[in-house]
Amino acid sequence: MTPLFDRIVWRDPLTGAALEPLVAARTPAGVPICGAMRIAGTKTGYPIVDSVVRLTPELARRHAEWLAPFDLTPPAAAERAFQEQSTVDSFGFQWSWIGDMRSEADLRMRVAERFGLTPEDFHGKLVLDAGAGAGDQSRFMSDHGAEVVSIDLSGAIDVVAAKLRMRSSWVGVQGDLTMLPFSDRQFDVVYCEGVIQHTRDSVATVRELLRVTKPSGRILATHYTRPAATTLRQRLKRRLTLGYYELLRRRLSSMEQFKRLLVTGNLAALAYFPLLGRLFRATGTAMYYDLMPEFRTTWTNTHDYYGGHAYQRFVTAEEFIGYFESAGGVEVERSGAGVVRARKQS
């Protein structure tokens, strides 16, 4: 069977022009190891490095030596803004030291059950895992018969490639979710978990994810949410708690990465102490998760929350649903606290 890479319809995220693959070497599964994506009719392109297509001008310039064998140069500085990779370096660092955190029960819940689906619903589908992180969700969907394109702006995409590049039904891309390098109406399912709030523009991200979804295809997405504070007591409590969290986050996010790793590890450890642990869990100082109570999960989630990423925003559940409704041509089939399952209409 033709590898998935060769069946994707690629386009330049900057101009919308077609991209022509030039592959120098492949894994035994047919996944490109190195090569380039040439912008049709030009001497400009993007590199394929270590089984990942690097599809922003910034990344092309960083890996420009990989383009030289094809007599290509990186795209010029973009007039349209791309999100810089430095804004998500914290995630790349995080997933490089714990790349397989999630249990099968947790993956079943977050990928399928909370959207009212089963893992079998992914069988035979072409799925875009938008913001793939360490790739556990991509691997889970692939294990259940999906063909998966994993895209992430951070260096975590290399962790995904290490797991999945021996599968012909997988493709890895490093790129910006607000400027996707795929043609319109291509994916049966677009899965985007806990990523939209870390992009430079939540609304633009939702619209772009919908653009690449096929008619009758589904988008499964989550966003950080907080309920609106409507009473005086709620507003006062919100002001106190947000002040506390923001103070911690400002201090920790400004730290050198390994120092932040040490501090968040200590916060996570305190969540397991009698009495004090209950306080740390109740206040959200450490991010404890009942379905996966292991220390490494608490540590990872705590580091994630206080990371040095540039964008992190909360909206109400109603605002998140509104992003889809305002885009038009989409039916929200299921929604909850920051969870949306929507179907694109023809």
# chains A, B, ... in the order shown; residues from 1 in each chain; ligands from 1
call {"tool": "closest_atom_pairs", "arguments": {"of": "stretch 123-175 of chain A", "to": "stretch 7-18 of chain A", "cutoff": "10 Å", "atoms": "only C-alpha atoms", "output": "CSV"}}
result
residue,atom,partner,partner_atom,distance
A:Leu126,CA,A:Ile8,CA,9.9
A:Val149,CA,A:Ile8,CA,9.2
A:Val171,CA,A:Ile8,CA,9.1
A:Gly175,CA,A:Pro13,CA,8.9
call {"tool": "residues_around", "arguments": {"residues": "A:Ile151", "least_positions_apart": "4", "cutoff": "10 Å", "atoms": "only C-alpha atoms", "output": "ChimeraX atom specification"}}
result
/A:52-55,128-133,135,138,156-157,160,171-177,180-181
call {"tool": "write_last_selection", "arguments": {"atoms": "N, CA and C atoms", "output": "mmCIF file, in the first residue's frame"}}
result
data_model
loop_
_atom_site.group_PDB
_atom_site.id
_atom_site.type_symbol
_atom_site.label_atom_id
_atom_site.label_comp_id
_atom_site.auth_asym_id
_atom_site.auth_seq_id
_atom_site.Cartn_x
_atom_site.Cartn_y
_atom_site.Cartn_z
ATOM 1 N N VAL A 52 10.544 14.044 9.945
ATOM 2 C CA VAL A 52 9.563 15.089 10.230
ATOM 3 C C VAL A 52 9.678 16.187 9.180
ATOM 4 N N VAL A 53 8.545 16.590 8.614
ATOM 5 C CA VAL A 53 8.524 17.705 7.659
ATOM 6 C C VAL A 53 8.477 19.000 8.461
ATOM 7 N N ARG A 54 9.464 19.877 8.271
ATOM 8 C CA ARG A 54 9.594 21.111 9.057
ATOM 9 C C ARG A 54 8.977 22.257 8.254
ATOM 10 N N LEU A 55 7.733 22.642 8.611
ATOM 11 C CA LEU A 55 6.933 23.450 7.701
ATOM 12 C C LEU A 55 6.566 24.832 8.229
ATOM 13 N N LEU A 128 -6.020 13.907 11.755
ATOM 14 C CA LEU A 128 -4.998 14.900 12.059
ATOM 15 C C LEU A 128 -4.952 15.063 13.572
ATOM 16 N N ASP A 129 -3.829 14.702 14.180
ATOM 17 C CA ASP A 129 -3.613 14.939 15.606
ATOM 18 C C ASP A 129 -2.919 16.281 15.725
ATOM 19 N N ALA A 130 -3.708 17.320 15.955
ATOM 20 C CA ALA A 130 -3.236 18.696 15.910
ATOM 21 C C ALA A 130 -2.728 19.120 17.285
ATOM 22 N N GLY A 131 -1.416 19.195 17.415
ATOM 23 C CA GLY A 131 -0.795 19.434 18.702
ATOM 24 C C GLY A 131 -0.556 18.102 19.389
ATOM 25 N N ALA A 132 0.263 17.259 18.760
ATOM 26 C CA ALA A 132 0.364 15.857 19.153
ATOM 27 C C ALA A 132 1.157 15.626 20.431
ATOM 28 N N GLY A 133 1.917 16.634 20.902
ATOM 29 C CA GLY A 133 2.703 16.427 22.109
ATOM 30 C C GLY A 133 3.666 15.269 21.933
ATOM 31 N N GLY A 135 2.841 12.205 21.484
ATOM 32 C CA GLY A 135 2.345 11.245 20.516
ATOM 33 C C GLY A 135 1.608 10.043 21.063
ATOM 34 N N SER A 138 -1.657 9.898 19.246
ATOM 35 C CA SER A 138 -1.448 9.463 17.863
ATOM 36 C C SER A 138 -1.240 7.956 17.813
ATOM 37 N N ALA A 156 8.704 18.367 20.584
ATOM 38 C CA ALA A 156 8.106 17.088 20.966
ATOM 39 C C ALA A 156 7.784 16.221 19.761
ATOM 40 N N ILE A 157 7.664 16.823 18.582
ATOM 41 C CA ILE A 157 7.345 16.027 17.390
ATOM 42 C C ILE A 157 8.425 14.990 17.124
ATOM 43 N N VAL A 160 7.480 11.920 18.950
ATOM 44 C CA VAL A 160 6.454 11.188 18.199
ATOM 45 C C VAL A 160 7.106 10.378 17.079
ATOM 46 N N VAL A 171 2.473 10.112 9.497
ATOM 47 C CA VAL A 171 3.264 11.226 8.972
ATOM 48 C C VAL A 171 3.492 12.214 10.114
ATOM 49 N N GLY A 172 4.705 12.762 10.205
ATOM 50 C CA GLY A 172 5.026 13.755 11.228
ATOM 51 C C GLY A 172 5.340 15.107 10.631
ATOM 52 N N VAL A 173 4.774 16.155 11.216
ATOM 53 C CA VAL A 173 4.953 17.520 10.724
ATOM 54 C C VAL A 173 5.238 18.437 11.914
ATOM 55 N N GLN A 174 6.191 19.335 11.754
ATOM 56 C CA GLN A 174 6.397 20.400 12.723
ATOM 57 C C GLN A 174 5.888 21.686 12.091
ATOM 58 N N GLY A 175 4.832 22.249 12.690
ATOM 59 C CA GLY A 175 4.231 23.413 12.064
ATOM 60 C C GLY A 175 3.262 24.133 12.976
ATOM 61 N N ASP A 176 2.707 25.209 12.454
ATOM 62 C CA ASP A 176 1.829 26.142 13.171
ATOM 63 C C ASP A 176 0.376 25.766 12.897
ATOM 64 N N LEU A 177 -0.408 25.551 13.954
ATOM 65 C CA LEU A 177 -1.804 25.128 13.768
ATOM 66 C C LEU A 177 -2.667 26.208 13.137
ATOM 67 N N LEU A 180 -1.915 25.736 8.598
ATOM 68 C CA LEU A 180 -1.655 24.327 8.333
ATOM 69 C C LEU A 180 -1.201 24.094 6.882
ATOM 70 N N PRO A 181 -0.302 23.131 6.671
ATOM 71 C CA PRO A 181 0.249 22.894 5.325
ATOM 72 C C PRO A 181 -0.508 21.832 4.543
#
call {"tool": "residues_around", "arguments": {"residues": "stretch 84-94 of chain A", "least_positions_apart": "4", "cutoff": "10 Å", "atoms": "only C-alpha atoms", "output": "count of residues only"}}
result
36
call {"tool": "select_by_dssp", "arguments": {"residues": "stretch 102-284 of chain A", "states": "alpha helix (DSSP H)", "output": "PyMOL selection string"}}
result
chain A and resi 104-107+136-143+157-164+202-211+232-253+257-270+276-283
call {"tool": "atom_distance", "arguments": {"atom1": "atom CA of A:Ser51", "atom2": "atom CA of A:Phe5"}}
result
10.6 Å
call {"tool": "residues_around", "arguments": {"residues": "stretch 144-147 of chain A", "least_positions_apart": "2", "cutoff": "10 Å", "atoms": "only C-alpha atoms", "output": "list in words"}}
result
Pro3, Leu4, Thr118, Pro119, Glu120, Asp121, Phe122, His123, Gly124, Lys125, Leu126, Val127, Leu128, Ser138, Arg139, Phe140, Met141, Ser142, Val149, Ser150, Arg167, Ser168, Ser169, Trp170, Val171, Phe187, Asp188 and Val189 of chain A
call {"tool": "select_by_dssp", "arguments": {"residues": "stretch 204-304 of chain A", "states": "strand (DSSP E or B)", "output": "list in words"}}
result
Thr213, Lys214, Pro215, Ser216, Gly217, Arg218, Ile219, Leu220, Ala221, Thr222 and Thr225 of chain A
call {"tool": "write_last_selection", "arguments": {"atoms": "C-alpha atoms", "output": "JSON list (two decimals), in the first residue's frame"}}
result
[["chain", "number", "residue", "atom", "x", "y", "z"],
["A", 213, "THR", "CA", -11.79, 18.75, 7.85],
["A", 214, "LYS", "CA", -13.84, 16.90, 5.21],
["A", 215, "PRO", "CA", -17.58, 17.56, 4.85],
["A", 216, "SER", "CA", -19.31, 15.28, 7.37],
["A", 217, "GLY", "CA", -15.96, 14.89, 9.12],
["A", 218, "ARG", "CA", -15.58, 15.45, 12.84],
["A", 219, "ILE", "CA", -13.46, 17.73, 14.93],
["A", 220, "LEU", "CA", -12.75, 16.66, 18.52],
["A", 221, "ALA", "CA", -11.31, 19.50, 20.55],
["A", 222, "THR", "CA", -10.69, 20.71, 24.08],
["A", 225, "THR", "CA", -12.06, 26.75, 30.54]]
call {"tool": "closest_residue", "arguments": {"among": "A:Gln83, A:Ser346, A:Gln312, A:Gln197", "to": "A:Thr178", "atoms": "only C-alpha atoms"}}
result
A:Gln83
call {"tool": "closest_residue", "arguments": {"among": "A:Arg281, A:Thr316, A:Glu104, A:Tyr323", "to": "A:Thr205", "atoms": "only C-alpha atoms"}}
result
A:Tyr323
call {"tool": "decode", "arguments": {"residues": "stretch 256-309 of chain A", "atoms": "C-alpha atoms", "output": "PDB file, in the first residue's frame"}}
result
ATOM      1  CA  GLU A 256      15.781  28.088  33.595  1.00  0.00           C
ATOM      2  CA  GLN A 257      14.160  24.836  32.453  1.00  0.00           C
ATOM      3  CA  PHE A 258      16.002  22.431  34.741  1.00  0.00           C
ATOM      4  CA  LYS A 259      15.378  24.644  37.777  1.00  0.00           C
ATOM      5  CA  ARG A 260      11.674  24.732  36.920  1.00  0.00           C
ATOM      6  CA  LEU A 261      11.760  20.955  36.572  1.00  0.00           C
ATOM      7  CA  LEU A 262      13.212  20.655  40.095  1.00  0.00           C
ATOM      8  CA  VAL A 263      10.720  23.050  41.669  1.00  0.00           C
ATOM      9  CA  THR A 264       7.660  21.501  40.013  1.00  0.00           C
ATOM     10  CA  GLY A 265       8.923  18.060  41.041  1.00  0.00           C
ATOM     11  CA  ASN A 266       8.991  19.210  44.651  1.00  0.00           C
ATOM     12  CA  LEU A 267       5.494  20.709  44.377  1.00  0.00           C
ATOM     13  CA  ALA A 268       4.265  17.423  42.926  1.00  0.00           C
ATOM     14  CA  ALA A 269       5.917  15.430  45.724  1.00  0.00           C
ATOM     15  CA  LEU A 270       4.220  17.567  48.375  1.00  0.00           C
ATOM     16  CA  ALA A 271       0.848  16.575  46.894  1.00  0.00           C
ATOM     17  CA  TYR A 272       1.403  13.102  48.399  1.00  0.00           C
ATOM     18  CA  PHE A 273       2.108  14.248  51.972  1.00  0.00           C
ATOM     19  CA  PRO A 274      -0.662  13.781  54.594  1.00  0.00           C
ATOM     20  CA  LEU A 275      -2.775  16.924  55.154  1.00  0.00           C
ATOM     21  CA  LEU A 276      -0.394  19.158  53.191  1.00  0.00           C
ATOM     22  CA  GLY A 277      -1.030  17.026  50.119  1.00  0.00           C
ATOM     23  CA  ARG A 278      -4.765  17.578  50.416  1.00  0.00           C
ATOM     24  CA  LEU A 279      -4.171  21.324  50.480  1.00  0.00           C
ATOM     25  CA  PHE A 280      -1.891  21.226  47.433  1.00  0.00           C
ATOM     26  CA  ARG A 281      -4.437  19.163  45.497  1.00  0.00           C
ATOM     27  CA  ALA A 282      -7.450  21.219  46.538  1.00  0.00           C
ATOM     28  CA  THR A 283      -5.814  24.529  45.644  1.00  0.00           C
ATOM     29  CA  GLY A 284      -4.390  23.248  42.367  1.00  0.00           C
ATOM     30  CA  THR A 285      -0.854  24.101  43.437  1.00  0.00           C
ATOM     31  CA  ALA A 286       0.073  20.641  42.190  1.00  0.00           C
ATOM     32  CA  MET A 287      -1.909  19.126  39.302  1.00  0.00           C
ATOM     33  CA  TYR A 288      -3.063  15.756  40.663  1.00  0.00           C
ATOM     34  CA  TYR A 289      -5.183  13.573  38.382  1.00  0.00           C
ATOM     35  CA  ASP A 290      -7.380  10.827  39.881  1.00  0.00           C
ATOM     36  CA  LEU A 291      -7.342   8.579  36.814  1.00  0.00           C
ATOM     37  CA  MET A 292      -3.535   8.535  36.786  1.00  0.00           C
ATOM     38  CA  PRO A 293      -2.384   9.065  40.385  1.00  0.00           C
ATOM     39  CA  GLU A 294       1.279   8.205  39.760  1.00  0.00           C
ATOM     40  CA  PHE A 295       3.883  10.742  40.822  1.00  0.00           C
ATOM     41  CA  ARG A 296       5.301  11.168  37.322  1.00  0.00           C
ATOM     42  CA  THR A 297       1.865  12.192  36.031  1.00  0.00           C
ATOM     43  CA  THR A 298       1.440  14.771  38.792  1.00  0.00           C
ATOM     44  CA  TRP A 299       4.937  16.084  38.111  1.00  0.00           C
ATOM     45  CA  THR A 300       4.381  16.310  34.348  1.00  0.00           C
ATOM     46  CA  ASN A 301       1.007  18.037  34.679  1.00  0.00           C
ATOM     47  CA  THR A 302       2.383  20.491  37.235  1.00  0.00           C
ATOM     48  CA  HIS A 303       5.355  21.324  35.018  1.00  0.00           C
ATOM     49  CA  ASP A 304       2.968  21.694  32.068  1.00  0.00           C
ATOM     50  CA  TYR A 305       0.766  24.188  33.907  1.00  0.00           C
ATOM     51  CA  TYR A 306       3.642  26.379  35.089  1.00  0.00           C
ATOM     52  CA  GLY A 307       5.708  26.045  31.913  1.00  0.00           C
ATOM     53  CA  GLY A 308       7.411  28.875  30.083  1.00  0.00           C
ATOM     54  CA  HIS A 309       5.089  28.809  27.052  1.00  0.00           C
TER      55      HIS A 309
END
